file query_6.cif (mmCIF, C-alpha atoms)
data_coords
#
loop_
_atom_site.label_atom_id
_atom_site.label_comp_id
_atom_site.auth_asym_id
_atom_site.auth_seq_id
_atom_site.Cartn_x
_atom_site.Cartn_y
_atom_site.Cartn_z
CA MET A 1 12.38 -43.06 55.77
CA ALA A 2 15.11 -43.66 53.17
CA PRO A 3 18.71 -43.80 54.40
CA ALA A 4 20.34 -40.36 54.32
CA PHE A 5 23.29 -41.21 52.07
CA GLU A 6 25.90 -38.70 51.05
CA PRO A 7 26.67 -38.77 47.30
CA MET A 8 30.25 -40.11 47.40
CA ILE A 9 31.12 -43.77 47.27
CA GLY A 10 34.36 -45.40 48.38
CA ARG A 11 36.24 -48.33 46.87
CA TYR A 12 39.62 -50.03 47.02
CA LEU A 13 41.82 -50.06 43.94
CA ARG A 14 44.53 -52.64 43.33
CA THR A 15 47.45 -51.18 41.44
CA GLU A 16 51.22 -51.21 41.33
CA ILE A 17 53.28 -48.15 42.13
CA ASP A 18 56.88 -48.43 40.94
CA GLY A 19 56.38 -52.18 40.61
CA VAL A 20 55.12 -52.62 44.18
CA PRO A 21 51.56 -53.89 44.72
CA HIS A 22 49.34 -51.40 46.55
CA ARG A 23 45.80 -51.31 47.85
CA ILE A 24 44.54 -47.76 47.46
CA TYR A 25 41.34 -46.41 48.96
CA PHE A 26 39.52 -43.67 47.12
CA GLU A 27 36.19 -41.91 47.14
CA GLU A 28 34.41 -40.34 44.22
CA ALA A 29 31.27 -38.44 43.31
CA GLY A 30 29.91 -36.80 40.20
CA GLN A 31 30.41 -37.19 36.52
CA GLY A 32 32.26 -35.49 33.70
CA ILE A 33 35.78 -34.12 33.80
CA PRO A 34 37.92 -36.17 36.19
CA LEU A 35 39.18 -34.02 39.07
CA VAL A 36 41.77 -35.83 41.18
CA CYS A 37 42.18 -34.28 44.62
CA LEU A 38 45.37 -34.66 46.66
CA HIS A 39 45.20 -34.33 50.45
CA THR A 40 47.69 -32.59 52.71
CA ALA A 41 50.54 -34.23 54.62
CA GLY A 42 49.52 -36.57 57.43
CA ALA A 43 45.87 -36.47 56.38
CA ASP A 44 43.61 -38.27 53.91
CA GLY A 45 41.00 -37.80 51.21
CA ARG A 46 38.20 -36.95 53.62
CA GLN A 47 39.42 -33.36 53.41
CA TYR A 48 37.56 -33.10 50.09
CA ARG A 49 34.21 -34.43 51.25
CA HIS A 50 32.51 -31.06 50.92
CA LEU A 51 33.61 -30.71 47.32
CA MET A 52 32.21 -34.18 46.62
CA SER A 53 28.88 -33.17 48.16
CA ASP A 54 28.54 -29.98 46.11
CA PRO A 55 26.17 -30.42 43.13
CA GLU A 56 27.62 -27.32 41.49
CA VAL A 57 30.90 -29.24 41.25
CA THR A 58 29.72 -32.79 40.70
CA ARG A 59 27.34 -31.99 37.86
CA ARG A 60 30.37 -31.34 35.63
CA PHE A 61 33.26 -32.99 37.43
CA ARG A 62 33.94 -36.53 38.52
CA VAL A 63 35.67 -35.71 41.81
CA LEU A 64 38.08 -38.40 43.03
CA ALA A 65 40.14 -38.29 46.22
CA PHE A 66 42.46 -41.16 47.01
CA ASP A 67 44.32 -41.78 50.22
CA MET A 68 48.06 -41.86 49.58
CA PRO A 69 49.79 -45.11 50.58
CA TRP A 70 50.27 -45.11 54.40
CA HIS A 71 47.36 -42.65 54.73
CA GLY A 72 43.70 -43.03 55.61
CA LYS A 73 42.36 -46.40 54.53
CA SER A 74 45.10 -47.14 51.99
CA THR A 75 47.30 -49.94 53.20
CA PRO A 76 51.07 -49.53 53.41
CA PRO A 77 52.83 -52.04 51.13
CA ASP A 78 54.02 -55.38 52.49
CA GLY A 79 57.16 -54.96 54.54
CA TRP A 80 56.42 -51.36 55.53
CA GLN A 81 57.58 -52.11 59.06
CA LYS A 82 61.17 -52.60 57.92
CA ASP A 83 61.75 -49.03 56.77
CA GLU A 84 61.15 -45.49 57.89
CA TYR A 85 58.44 -43.95 55.74
CA ARG A 86 59.72 -41.08 53.60
CA LEU A 87 57.81 -39.48 50.77
CA THR A 88 59.92 -38.22 47.88
CA THR A 89 59.19 -36.22 44.75
CA ALA A 90 59.63 -39.41 42.72
CA SER A 91 57.46 -41.68 44.89
CA TYR A 92 54.71 -39.06 45.23
CA THR A 93 54.63 -38.39 41.48
CA ALA A 94 54.60 -42.13 40.79
CA ALA A 95 51.65 -42.71 43.13
CA ILE A 96 49.53 -39.99 41.47
CA ARG A 97 50.32 -41.17 37.95
CA ALA A 98 49.68 -44.80 38.90
CA PHE A 99 46.27 -43.90 40.31
CA CYS A 100 45.28 -41.88 37.24
CA GLN A 101 46.45 -44.60 34.86
CA ALA A 102 44.88 -47.48 36.79
CA MET A 103 41.59 -45.58 36.85
CA GLU A 104 41.92 -44.91 33.11
CA LEU A 105 41.28 -41.20 33.61
CA ASP A 106 41.42 -39.14 30.44
CA ARG A 107 43.64 -36.12 31.08
CA PRO A 108 42.27 -35.36 34.52
CA VAL A 109 42.48 -32.10 36.39
CA ALA A 110 44.71 -32.52 39.45
CA MET A 111 44.19 -30.36 42.50
CA GLY A 112 46.42 -30.71 45.54
CA CYS A 113 46.85 -28.86 48.80
CA SER A 114 50.05 -28.20 50.75
CA ILE A 115 52.36 -31.11 49.86
CA GLY A 116 49.65 -31.89 47.31
CA GLY A 117 50.07 -28.38 45.96
CA ARG A 118 53.84 -28.73 45.82
CA ILE A 119 53.60 -31.99 43.88
CA VAL A 120 51.12 -30.39 41.49
CA LEU A 121 53.92 -27.98 40.61
CA ASN A 122 56.11 -30.99 39.84
CA LEU A 123 53.35 -32.45 37.67
CA ALA A 124 53.33 -29.14 35.80
CA ILE A 125 57.11 -29.32 35.37
CA ALA A 126 57.40 -32.95 34.31
CA HIS A 127 54.02 -34.34 33.22
CA ALA A 128 51.90 -31.42 32.02
CA SER A 129 50.69 -33.26 28.91
CA GLU A 130 48.90 -35.84 31.07
CA PHE A 131 46.66 -33.24 32.70
CA ARG A 132 43.89 -30.93 31.51
CA ALA A 133 44.57 -28.34 34.18
CA LEU A 134 46.43 -28.17 37.48
CA ILE A 135 45.31 -26.47 40.68
CA ALA A 136 47.83 -25.93 43.47
CA LEU A 137 46.38 -24.92 46.83
CA GLU A 138 48.72 -23.51 49.47
CA ALA A 139 51.66 -24.18 47.18
CA ALA A 140 55.07 -22.68 46.58
CA ASP A 141 58.37 -23.83 45.14
CA PHE A 142 59.90 -23.61 48.62
CA GLN A 143 58.83 -22.62 52.12
CA GLN A 144 60.85 -21.67 55.17
CA PRO A 145 60.48 -24.37 57.88
CA TRP A 146 58.90 -23.18 61.13
CA TYR A 147 59.45 -26.15 63.49
CA ASP A 148 61.63 -29.20 64.02
CA THR A 149 59.89 -32.28 62.60
CA ALA A 150 61.73 -34.48 65.15
CA TRP A 151 58.83 -33.70 67.53
CA LEU A 152 56.37 -35.47 65.25
CA HIS A 153 57.47 -39.02 65.97
CA ARG A 154 58.90 -39.90 69.36
CA PRO A 155 57.62 -42.02 72.22
CA ASP A 156 57.24 -39.24 74.80
CA VAL A 157 55.02 -36.97 72.69
CA HIS A 158 51.64 -38.11 71.35
CA GLY A 159 52.05 -37.94 67.58
CA GLY A 160 48.42 -37.30 66.70
CA GLU A 161 47.98 -34.59 69.28
CA VAL A 162 51.18 -32.75 68.49
CA CYS A 163 50.57 -32.89 64.73
CA ALA A 164 47.11 -31.40 65.18
CA ALA A 165 48.31 -28.79 67.69
CA LEU A 166 51.07 -27.64 65.35
CA VAL A 167 48.85 -27.28 62.30
CA SER A 168 45.94 -25.77 64.23
CA GLY A 169 47.52 -22.35 63.85
CA LEU A 170 47.46 -22.65 60.08
CA ILE A 171 43.66 -22.55 60.15
CA ALA A 172 42.15 -19.09 59.78
CA PRO A 173 40.36 -17.67 62.83
CA GLN A 174 37.19 -17.32 60.72
CA SER A 175 36.97 -21.11 60.27
CA PRO A 176 33.69 -22.45 61.71
CA SER A 177 34.38 -24.42 64.88
CA ALA A 178 33.01 -27.73 63.59
CA ALA A 179 35.04 -27.54 60.36
CA ARG A 180 38.18 -26.51 62.26
CA HIS A 181 37.92 -29.41 64.65
CA GLU A 182 37.05 -31.92 61.94
CA THR A 183 40.20 -30.83 60.10
CA LEU A 184 42.23 -31.33 63.27
CA TRP A 185 40.56 -34.67 64.00
CA MET A 186 41.89 -35.99 60.68
CA TYR A 187 45.36 -34.81 61.66
CA MET A 188 45.17 -36.79 64.88
CA GLN A 189 44.75 -40.04 62.99
CA SER A 190 47.75 -40.59 60.76
CA GLY A 191 50.06 -43.51 61.52
CA PRO A 192 53.24 -43.05 63.53
CA GLY A 193 55.77 -41.01 61.59
CA VAL A 194 53.58 -40.54 58.52
CA PHE A 195 53.26 -36.77 58.82
CA LYS A 196 56.99 -36.56 59.45
CA GLY A 197 57.68 -38.78 56.45
CA ASP A 198 55.51 -36.59 54.23
CA LEU A 199 57.41 -33.52 55.34
CA TYR A 200 60.63 -35.11 54.15
CA PHE A 201 59.30 -34.44 50.67
CA TYR A 202 58.26 -30.94 51.67
CA ARG A 203 61.46 -29.90 53.36
CA VAL A 204 64.31 -31.99 52.03
CA ASP A 205 63.50 -33.54 48.69
CA GLY A 206 60.94 -31.28 47.08
CA ASP A 207 62.70 -27.95 46.65
CA LEU A 208 61.47 -26.75 43.26
CA ARG A 209 63.23 -23.39 43.16
CA ASP A 210 64.83 -22.90 39.75
CA LYS A 211 62.65 -25.70 38.35
CA VAL A 212 59.26 -23.99 38.17
CA GLU A 213 60.52 -21.71 35.41
CA ALA A 214 60.21 -24.74 33.11
CA ILE A 215 56.43 -24.82 33.55
CA ASP A 216 54.55 -24.18 30.30
CA THR A 217 51.05 -22.99 31.15
CA THR A 218 50.06 -23.05 27.47
CA ALA A 219 50.46 -26.84 27.61
CA CYS A 220 48.46 -27.08 30.83
CA PRO A 221 46.82 -24.17 32.70
CA LEU A 222 48.03 -23.71 36.27
CA TYR A 223 46.04 -22.06 39.05
CA LEU A 224 47.59 -21.14 42.41
CA LEU A 225 45.33 -20.32 45.36
CA THR A 226 46.62 -19.60 48.86
CA GLY A 227 44.84 -18.58 52.05
CA GLU A 228 45.88 -15.34 53.67
CA TYR A 229 46.27 -16.99 57.10
CA ASP A 230 48.67 -19.67 55.89
CA PHE A 231 51.99 -18.84 57.52
CA SER A 232 53.56 -22.13 56.39
CA CYS A 233 53.04 -21.45 52.69
CA THR A 234 52.55 -17.72 52.89
CA PRO A 235 50.83 -15.63 50.24
CA GLU A 236 54.26 -14.13 49.58
CA ASP A 237 55.68 -17.63 48.93
CA THR A 238 52.94 -18.34 46.39
CA LEU A 239 53.20 -14.93 44.72
CA ARG A 240 56.98 -15.32 44.44
CA THR A 241 56.50 -18.74 42.85
CA ALA A 242 53.90 -17.41 40.43
CA ARG A 243 56.25 -14.65 39.28
CA HIS A 244 58.52 -17.35 37.89
CA ILE A 245 55.73 -19.06 35.92
CA PRO A 246 54.43 -17.05 32.96
CA GLY A 247 50.69 -17.51 32.59
CA ALA A 248 50.10 -18.94 36.07
CA GLU A 249 46.94 -17.53 37.62
CA VAL A 250 47.26 -16.74 41.29
CA GLN A 251 44.74 -15.74 43.90
CA ILE A 252 45.06 -15.02 47.63
CA MET A 253 41.99 -16.22 49.50
CA LYS A 254 40.59 -14.10 52.32
CA GLU A 255 39.59 -15.64 55.64
CA LEU A 256 41.21 -18.96 54.75
CA GLY A 257 44.32 -20.75 55.92
CA HIS A 258 46.27 -23.87 54.97
CA PHE A 259 43.28 -26.26 54.62
CA PRO A 260 40.74 -24.26 52.61
CA MET A 261 38.62 -27.19 51.41
CA SER A 262 38.04 -28.58 54.90
CA GLU A 263 38.51 -25.63 57.29
CA TYR A 264 35.87 -23.38 55.70
CA PRO A 265 34.18 -25.19 52.78
CA ALA A 266 31.62 -22.44 52.09
CA LYS A 267 34.33 -19.80 51.78
CA PHE A 268 36.60 -22.02 49.66
CA ARG A 269 33.67 -22.61 47.32
CA GLU A 270 33.61 -18.90 46.45
CA TYR A 271 37.15 -19.20 45.14
CA ILE A 272 37.23 -22.65 43.57
CA LEU A 273 33.93 -22.59 41.67
CA PRO A 274 35.07 -19.85 39.25
CA VAL A 275 38.31 -21.77 38.62
CA LEU A 276 36.40 -24.98 37.88
CA GLU A 277 34.01 -23.02 35.70
CA ARG A 278 36.89 -21.78 33.57
CA ILE A 279 38.39 -25.24 33.29
CA ALA A 280 35.02 -26.70 32.28
CA SER A 281 34.46 -24.01 29.67
CA ARG A 282 37.85 -24.74 28.10
CA SER A 283 37.22 -28.47 27.90
CA MET B 284 44.40 -2.41 78.43
CA THR B 285 48.09 -2.97 77.90
CA PRO B 286 49.28 -6.47 77.00
CA VAL B 287 50.67 -6.84 80.55
CA GLN B 288 47.34 -5.84 82.07
CA ARG B 289 45.60 -8.38 79.85
CA PHE B 290 47.99 -11.16 80.75
CA GLU B 291 47.52 -10.44 84.46
CA ARG B 292 43.95 -11.63 84.05
CA LEU B 293 45.09 -15.07 82.83
CA ALA B 294 44.16 -17.00 85.97
CA ASP B 295 40.61 -15.58 85.91
CA LEU B 296 40.26 -16.40 82.23
CA LEU B 297 41.43 -19.98 82.80
CA ALA B 298 39.16 -20.36 85.82
CA ALA B 299 36.24 -19.45 83.56
CA ASP B 300 37.17 -22.12 81.01
CA PRO B 301 36.51 -25.61 82.44
CA ASP B 302 37.03 -27.20 79.03
CA LEU B 303 40.59 -25.92 78.75
CA ARG B 304 41.33 -27.01 82.33
CA ARG B 305 39.97 -30.46 81.48
CA ARG B 306 42.15 -30.70 78.39
CA GLY B 307 45.13 -29.67 80.47
CA ARG B 308 44.52 -32.10 83.29
CA TRP B 309 47.86 -33.85 82.79
CA VAL B 310 49.93 -30.67 82.59
CA GLU B 311 52.56 -30.31 85.29
CA ALA B 312 54.99 -27.57 84.32
CA GLU B 313 56.62 -24.38 85.40
CA CYS B 314 57.27 -21.85 82.70
CA ARG B 315 58.17 -18.24 82.17
CA VAL B 316 56.22 -15.99 79.86
CA GLU B 317 57.53 -12.56 78.94
CA ILE B 318 55.11 -9.91 77.82
CA GLY B 319 57.46 -7.38 76.31
CA ALA B 320 59.96 -6.60 79.08
CA GLU B 321 57.75 -7.98 81.85
CA PRO B 322 58.39 -11.57 83.00
CA PHE B 323 55.72 -13.79 84.55
CA HIS B 324 56.27 -17.13 86.24
CA LEU B 325 53.57 -19.75 85.98
CA ALA B 326 53.27 -23.02 87.84
CA ILE B 327 50.59 -25.20 86.28
CA ARG B 328 49.23 -28.31 87.95
CA GLY B 329 46.38 -30.40 86.64
CA GLY B 330 45.50 -27.80 84.04
CA ALA B 331 45.03 -25.01 86.61
CA ILE B 332 47.36 -22.16 87.45
CA GLU B 333 48.74 -22.93 90.89
CA GLU B 334 51.10 -20.00 90.99
CA PHE B 335 51.15 -16.83 88.93
CA ALA B 336 53.84 -14.31 89.77
CA ARG B 337 54.74 -11.10 87.99
CA GLY B 338 58.26 -9.75 87.97
CA PRO B 339 61.75 -11.22 88.01
CA ARG B 340 62.35 -14.35 90.06
CA LEU B 341 66.10 -14.64 90.31
CA LEU B 342 67.48 -18.16 89.99
CA ARG B 343 63.98 -19.59 89.65
CA SER B 344 64.26 -22.55 87.31
CA VAL B 345 61.55 -23.19 84.75
CA ALA B 346 61.10 -25.84 82.07
CA PHE B 347 60.70 -23.40 79.21
CA SER B 348 60.30 -19.72 78.43
CA ILE B 349 58.09 -18.01 75.87
CA ARG B 350 58.97 -14.44 75.03
CA GLY B 351 57.01 -12.07 72.85
CA THR B 352 57.22 -8.39 72.09
CA ASP B 353 54.46 -6.10 73.30
CA GLU B 354 53.35 -5.74 69.71
CA ALA B 355 53.27 -9.52 69.23
CA TRP B 356 50.92 -10.06 72.16
CA ARG B 357 48.81 -6.99 71.40
CA ARG B 358 48.19 -8.16 67.86
CA HIS B 359 47.90 -11.83 68.85
CA TRP B 360 45.11 -10.92 71.25
CA GLN B 361 42.97 -8.93 68.85
CA ARG B 362 39.47 -10.37 68.68
CA VAL B 363 40.16 -11.45 65.10
CA PRO B 364 43.93 -11.37 64.77
CA GLU B 365 45.48 -10.42 61.46
CA PRO B 366 47.27 -13.00 59.29
CA GLY B 367 50.75 -13.71 60.57
CA TRP B 368 49.89 -12.67 64.15
CA HIS B 369 47.21 -15.26 64.85
CA ASP B 370 49.27 -18.19 66.14
CA LEU B 371 52.20 -18.65 68.51
CA PHE B 372 54.29 -20.18 65.72
CA ALA B 373 53.34 -17.42 63.31
CA LEU B 374 54.88 -15.08 65.88
CA THR B 375 58.05 -17.16 66.26
CA LYS B 376 58.40 -17.54 62.50
CA ARG B 377 58.33 -13.78 62.01
CA GLY B 378 60.77 -13.26 64.89
CA GLU B 379 58.31 -11.47 67.20
CA ALA B 380 58.37 -14.30 69.75
CA SER B 381 60.80 -17.00 70.84
CA ILE B 382 60.63 -20.24 72.78
CA ASP B 383 63.52 -21.88 74.56
CA GLY B 384 64.34 -24.34 77.33
CA ASP B 385 63.08 -27.90 77.68
CA LEU B 386 60.36 -27.91 75.08
CA ARG B 387 59.12 -31.41 75.89
CA PRO B 388 56.35 -30.40 78.34
CA LEU B 389 55.30 -27.70 75.89
CA LEU B 390 55.10 -30.05 72.90
CA GLN B 391 53.42 -32.75 75.00
CA ASN B 392 50.63 -30.30 75.78
CA LEU B 393 50.92 -27.96 72.84
CA GLN B 394 47.26 -27.22 72.15
CA TYR B 395 46.71 -26.50 75.84
CA PHE B 396 49.53 -23.98 76.00
CA LYS B 397 48.58 -22.32 72.71
CA ASP B 398 45.00 -21.96 73.89
CA LEU B 399 46.14 -20.77 77.33
CA LEU B 400 48.31 -18.05 75.82
CA ALA B 401 45.48 -16.98 73.52
CA LEU B 402 42.98 -16.53 76.39
CA PRO B 403 43.52 -12.75 76.74
CA ARG B 404 41.90 -12.48 73.30
CA ARG B 405 38.62 -12.87 75.15
CA LEU B 406 39.13 -9.58 76.97
CA THR B 407 37.52 -6.92 74.87
CA GLU B 408 38.11 -3.28 75.69
CA GLY B 409 35.97 -2.14 78.60
CA HIS B 410 36.39 -5.31 80.65
#
call {"tool": "encode", "arguments": {"input": "query_6.cif", "output": "structure tokens"}}
result
Amino acid sequence: MAPAFEPMIGRYLRTEIDGVPHRIYFEEAGQGIPLVCLHTAGADGRQYRHLMSDPEVTRRFRVLAFDMPWHGKSTPPDGWQKDEYRLTTASYTAAIRAFCQAMELDRPVAMGCSIGGRIVLNLAIAHASEFRALIALEAADFQQPWYDTAWLHRPDVHGGEVCAALVSGLIAPQSPSAARHETLWMYMQSGPGVFKGDLYFYRVDGDLRDKVEAIDTTACPLYLLTGEYDFSCTPEDTLRTARHIPGAEVQIMKELGHFPMSEYPAKFREYILPVLERIASRS
Amino acid sequence: MTPVQRFERLADLLAADPDLRRRGRWVEAECRVEIGAEPFHLAIRGGAIEEFARGPRLLRSVAFSIRGTDEAWRRHWQRVPEPGWHDLFALTKRGEASIDGDLRPLLQNLQYFKDLLALPRRLTEGH
């Protein structure tokens, strides 16, 4: 019997980000319009594996998901041990643009979730001409914090377990058990302080209030999709953000939470396929 | 059933869940849970409820307290809770519940405590 391979393949990319050499792991599947997928904080590109296994997507899109530096199988840069990891708007934007340029992607679509959704808003503000369309999942210009991130990295609390336990409530109750627990499993695996360092961008550095009004959706279409069970980035947060962006298309997704692509792939598909269809028909 | 009546069944619900007791096998904590105006004191050892007492316990020290309104627990324990009522931290974010005290034993065993406090969801009307 032939080996039962899944369609995606993984490789390591050598590239510089802000002049620093990096070794970036990514997976890809499909052909056509490049669709770069950005994972959530403290997680990695595996969150998009269902999208990469969906022929309805991959027949028209080349789906790529890279692990951010410090995440998944991407290596932190030399000397990482000397500093506390902190993601910023600038470093996050630089990493995404470096990946797209190194891969020689022609005006890709970028889709990000959570912190990935927030940075997609920044791409729309500052680099819209480089993208064909932008999709922000669970995104808003600002969200009210709901816990103290000091708990995420300390010797007397298991980082992986507490990260997963905190975010478990952001998953909708309708999420199938296997998908829920796979999503949490990924959250248990980030390096010490990585989730906390990502949230520095989310909570301290990445406040985009008053900046999203500069987004020009005629230059690059912007789609905002948020799950109704997401109490971190609430539907109200997304709707408020969308009101400041003329032309932004917004949708609240039923029976989904903060991790739509991994917590309930079949349900997410119902919402994302029509968006991808529209992007493909415009291209 | 009122939220208090549901919560009074907690020890039975935990006894019927060996997986949750296994996951809580390192838990050693005393805590106070308030269901509306009604306080409960819980002593948990090895994932099992060793002591479960309803009513005020004057000068009884506990590591942490979790308080929720009657409405918070009633809606949290619906079979499929509505958005914004489905998680302990959704309740605290909306101001319908609060947590205070020494949060370390709670955060060290967070999934256990969240699952423990969600157990009354399994009680459907008629039980």
call {"tool": "atom_distance", "arguments": {"input": "query_6.cif", "atom1": "CA of Val363 (chain B)", "atom2": "CA of Val250 (chain A)"}}
result
25.4 Å
call {"tool": "interface_residues", "arguments": {"input": "query_6.cif", "of": "chain B", "to": "chain A", "cutoff": "6 Å", "atoms": "only C-alpha atoms", "output": "PyMOL selection string"}}
result
chain B and resi 366+370+376+391+393-394
call {"tool": "write_last_selection", "arguments": {"input": "query_6.cif", "atoms": "C-alpha atoms", "output": "PDB file, in the frame of the given file"}}
result
ATOM      1  CA  PRO B 366      47.270 -13.000  59.290  1.00  0.00           C
ATOM      2  CA  ASP B 370      49.270 -18.190  66.140  1.00  0.00           C
ATOM      3  CA  LYS B 376      58.400 -17.540  62.500  1.00  0.00           C
ATOM      4  CA  GLN B 391      53.420 -32.750  75.000  1.00  0.00           C
ATOM      5  CA  LEU B 393      50.920 -27.960  72.840  1.00  0.00           C
ATOM      6  CA  GLN B 394      47.260 -27.220  72.150  1.00  0.00           C
TER       7      GLN B 394
END
call {"tool": "resolve_selection", "arguments": {"input": "query_6.cif", "expression": "the PyMOL selection byres ((chain B and resi 327) around 9)", "output": "list in words"}}
result
Val310, Glu311, Ala312, Glu313, Cys314, Leu325, Ala326, Arg328, Gly329, Gly330, Ala331, Ile332, Glu333, Glu334 and Phe335 of chain B
call {"tool": "resolve_selection", "arguments": {"input": "query_6.cif", "expression": "the PyMOL selection byres ((chain A and resi 142) around 7)", "output": "PyMOL selection string"}}
result
chain A and resi 140-141+143-144+207-209
call {"tool": "resolve_selection", "arguments": {"input": "query_6.cif", "expression": "the PyMOL selection byres ((chain A and resi 11) around 8)", "output": "list in words"}}
result
Ile9, Gly10, Tyr12, Leu13, Tyr25, Phe26 and Glu27 of chain A
call {"tool": "atom_distance", "arguments": {"input": "query_6.cif", "atom1": "CA of Arg350 (chain B)", "atom2": "CA of Tyr187 (chain A)"}}
result
27.9 Å
call {"tool": "atom_distance", "arguments": {"input": "query_6.cif", "atom1": "CA of Leu64 (chain A)", "atom2": "CA of Arg132 (chain A)"}}
result
14.9 Å
call {"tool": "residues_around", "arguments": {"input": "query_6.cif", "residues": "Gly30 (chain A)", "least_positions_apart": "3", "cutoff": "8 Å", "atoms": "only C-alpha atoms", "output": "list of chain:residue names"}}
result
A:Met8, A:Met52, A:Pro55, A:Val57, A:Thr58, A:Arg59, A:Arg60, A:Phe61, A:Arg62, A:Val63
call {"tool": "closest_residue", "arguments": {"input": "query_6.cif", "among": "B:Leu400, B:Thr285, B:Leu342, B:Arg292", "to": "Val316 (chain B)", "atoms": "all atoms listed in the file"}}
result
B:Leu400
call {"tool": "residues_near_point", "arguments": {"input": "query_6.cif", "point": "(50.5, -19.3, 31.4)", "cutoff": "8 Å", "atoms": "all atoms listed in the file", "output": "ChimeraX atom specification"}}
result
/A:216-218,221-222,245-249
call {"tool": "closest_residue", "arguments": {"input": "query_6.cif", "among": "B:Phe323, B:Phe347, B:Trp309, B:Phe396", "to": "Leu371 (chain B)", "atoms": "all atoms listed in the file"}}
result
B:Phe396
call {"tool": "residues_around", "arguments": {"input": "query_6.cif", "residues": "region 380-384 of chain B", "least_positions_apart": "3", "cutoff": "10 Å", "atoms": "all atoms listed in the file", "output": "list in words"}}
result
Cys314, Arg315, Val316, Glu317, Ile318, Gly319, Val345, Ala346, Phe347, Ser348, Ile349, Arg350, Gly351, Thr352, Asp353, Glu354, Ala355, Trp356, Leu371, Phe372, Ala373, Leu374, Thr375, Lys376, Arg377, Arg387 and Leu389 of chain B
call {"tool": "residues_around", "arguments": {"input": "query_6.cif", "residues": "Ala128 (chain A)", "least_positions_apart": "2", "cutoff": "10 Å", "atoms": "all atoms listed in the file", "output": "PyMOL selection string"}}
result
chain A and resi 107+120-126+130-134+215-222
call {"tool": "residues_around", "arguments": {"input": "query_6.cif", "residues": "Leu296 (chain B)", "least_positions_apart": "5", "cutoff": "12 Å", "atoms": "all atoms listed in the file", "output": "PDB file with C-alpha atoms, in the coordinates of the input"}}
result
ATOM      1  CA  ARG B 289      45.600  -8.380  79.850  1.00  0.00           C
ATOM      2  CA  PHE B 290      47.990 -11.160  80.750  1.00  0.00           C
ATOM      3  CA  GLU B 291      47.520 -10.440  84.460  1.00  0.00           C
ATOM      4  CA  PRO B 301      36.510 -25.610  82.440  1.00  0.00           C
ATOM      5  CA  ASP B 302      37.030 -27.200  79.030  1.00  0.00           C
ATOM      6  CA  LEU B 303      40.590 -25.920  78.750  1.00  0.00           C
ATOM      7  CA  ARG B 304      41.330 -27.010  82.330  1.00  0.00           C
ATOM      8  CA  ALA B 331      45.030 -25.010  86.610  1.00  0.00           C
ATOM      9  CA  ILE B 332      47.360 -22.160  87.450  1.00  0.00           C
ATOM     10  CA  ASP B 398      45.000 -21.960  73.890  1.00  0.00           C
ATOM     11  CA  LEU B 399      46.140 -20.770  77.330  1.00  0.00           C
ATOM     12  CA  LEU B 400      48.310 -18.050  75.820  1.00  0.00           C
ATOM     13  CA  ALA B 401      45.480 -16.980  73.520  1.00  0.00           C
ATOM     14  CA  LEU B 402      42.980 -16.530  76.390  1.00  0.00           C
ATOM     15  CA  PRO B 403      43.520 -12.750  76.740  1.00  0.00           C
ATOM     16  CA  ARG B 404      41.900 -12.480  73.300  1.00  0.00           C
ATOM     17  CA  ARG B 405      38.620 -12.870  75.150  1.00  0.00           C
ATOM     18  CA  LEU B 406      39.130  -9.580  76.970  1.00  0.00           C
ATOM     19  CA  HIS B 410      36.390  -5.310  80.650  1.00  0.00           C
TER      20      HIS B 410
END
call {"tool": "closest_residue", "arguments": {"input": "query_6.cif", "among": "A:Asp83, A:Glu263, A:Glu236, A:Asp44", "to": "Ser175 (chain A)", "atoms": "all atoms listed in the file"}}
result
A:Glu263
call {"tool": "residues_around", "arguments": {"input": "query_6.cif", "residues": "Leu137 (chain A)", "least_positions_apart": "5", "cutoff": "7 Å", "atoms": "only C-alpha atoms", "output": "list in words"}}
result
Gly112, Cys113, Ser114, Gly117, Leu224, Leu225 and Thr226 of chain A
call {"tool": "decode", "arguments": {"input": "query_6.cif", "residues": "region 65-85 of chain A", "atoms": "C-alpha atoms", "output": "mmCIF file, in the first residue's frame"}}
result
data_model
loop_
_atom_site.group_PDB
_atom_site.id
_atom_site.type_symbol
_atom_site.label_atom_id
_atom_site.label_comp_id
_atom_site.auth_asym_id
_atom_site.auth_seq_id
_atom_site.Cartn_x
_atom_site.Cartn_y
_atom_site.Cartn_z
ATOM 1 C CA ALA A 65 2.248 28.902 6.637
ATOM 2 C CA PHE A 66 5.561 29.782 8.218
ATOM 3 C CA ASP A 67 6.512 29.496 11.848
ATOM 4 C CA MET A 68 7.501 32.888 13.220
ATOM 5 C CA PRO A 69 11.039 33.087 14.627
ATOM 6 C CA TRP A 70 11.046 31.475 18.130
ATOM 7 C CA HIS A 71 7.950 29.443 17.164
ATOM 8 C CA GLY A 72 7.422 25.891 15.987
ATOM 9 C CA LYS A 73 10.413 24.616 14.042
ATOM 10 C CA SER A 74 11.851 28.045 13.218
ATOM 11 C CA THR A 75 15.057 28.614 15.099
ATOM 12 C CA PRO A 76 15.557 31.697 17.251
ATOM 13 C CA PRO A 77 18.478 33.795 15.971
ATOM 14 C CA ASP A 78 21.965 33.332 17.398
ATOM 15 C CA GLY A 79 22.240 34.945 20.803
ATOM 16 C CA TRP A 80 18.544 34.599 21.627
ATOM 17 C CA GLN A 81 19.445 33.538 25.151
ATOM 18 C CA LYS A 82 20.810 36.984 25.977
ATOM 19 C CA ASP A 83 17.509 38.838 25.666
ATOM 20 C CA GLU A 84 13.902 38.534 26.670
ATOM 21 C CA TYR A 85 11.820 37.761 23.597
#
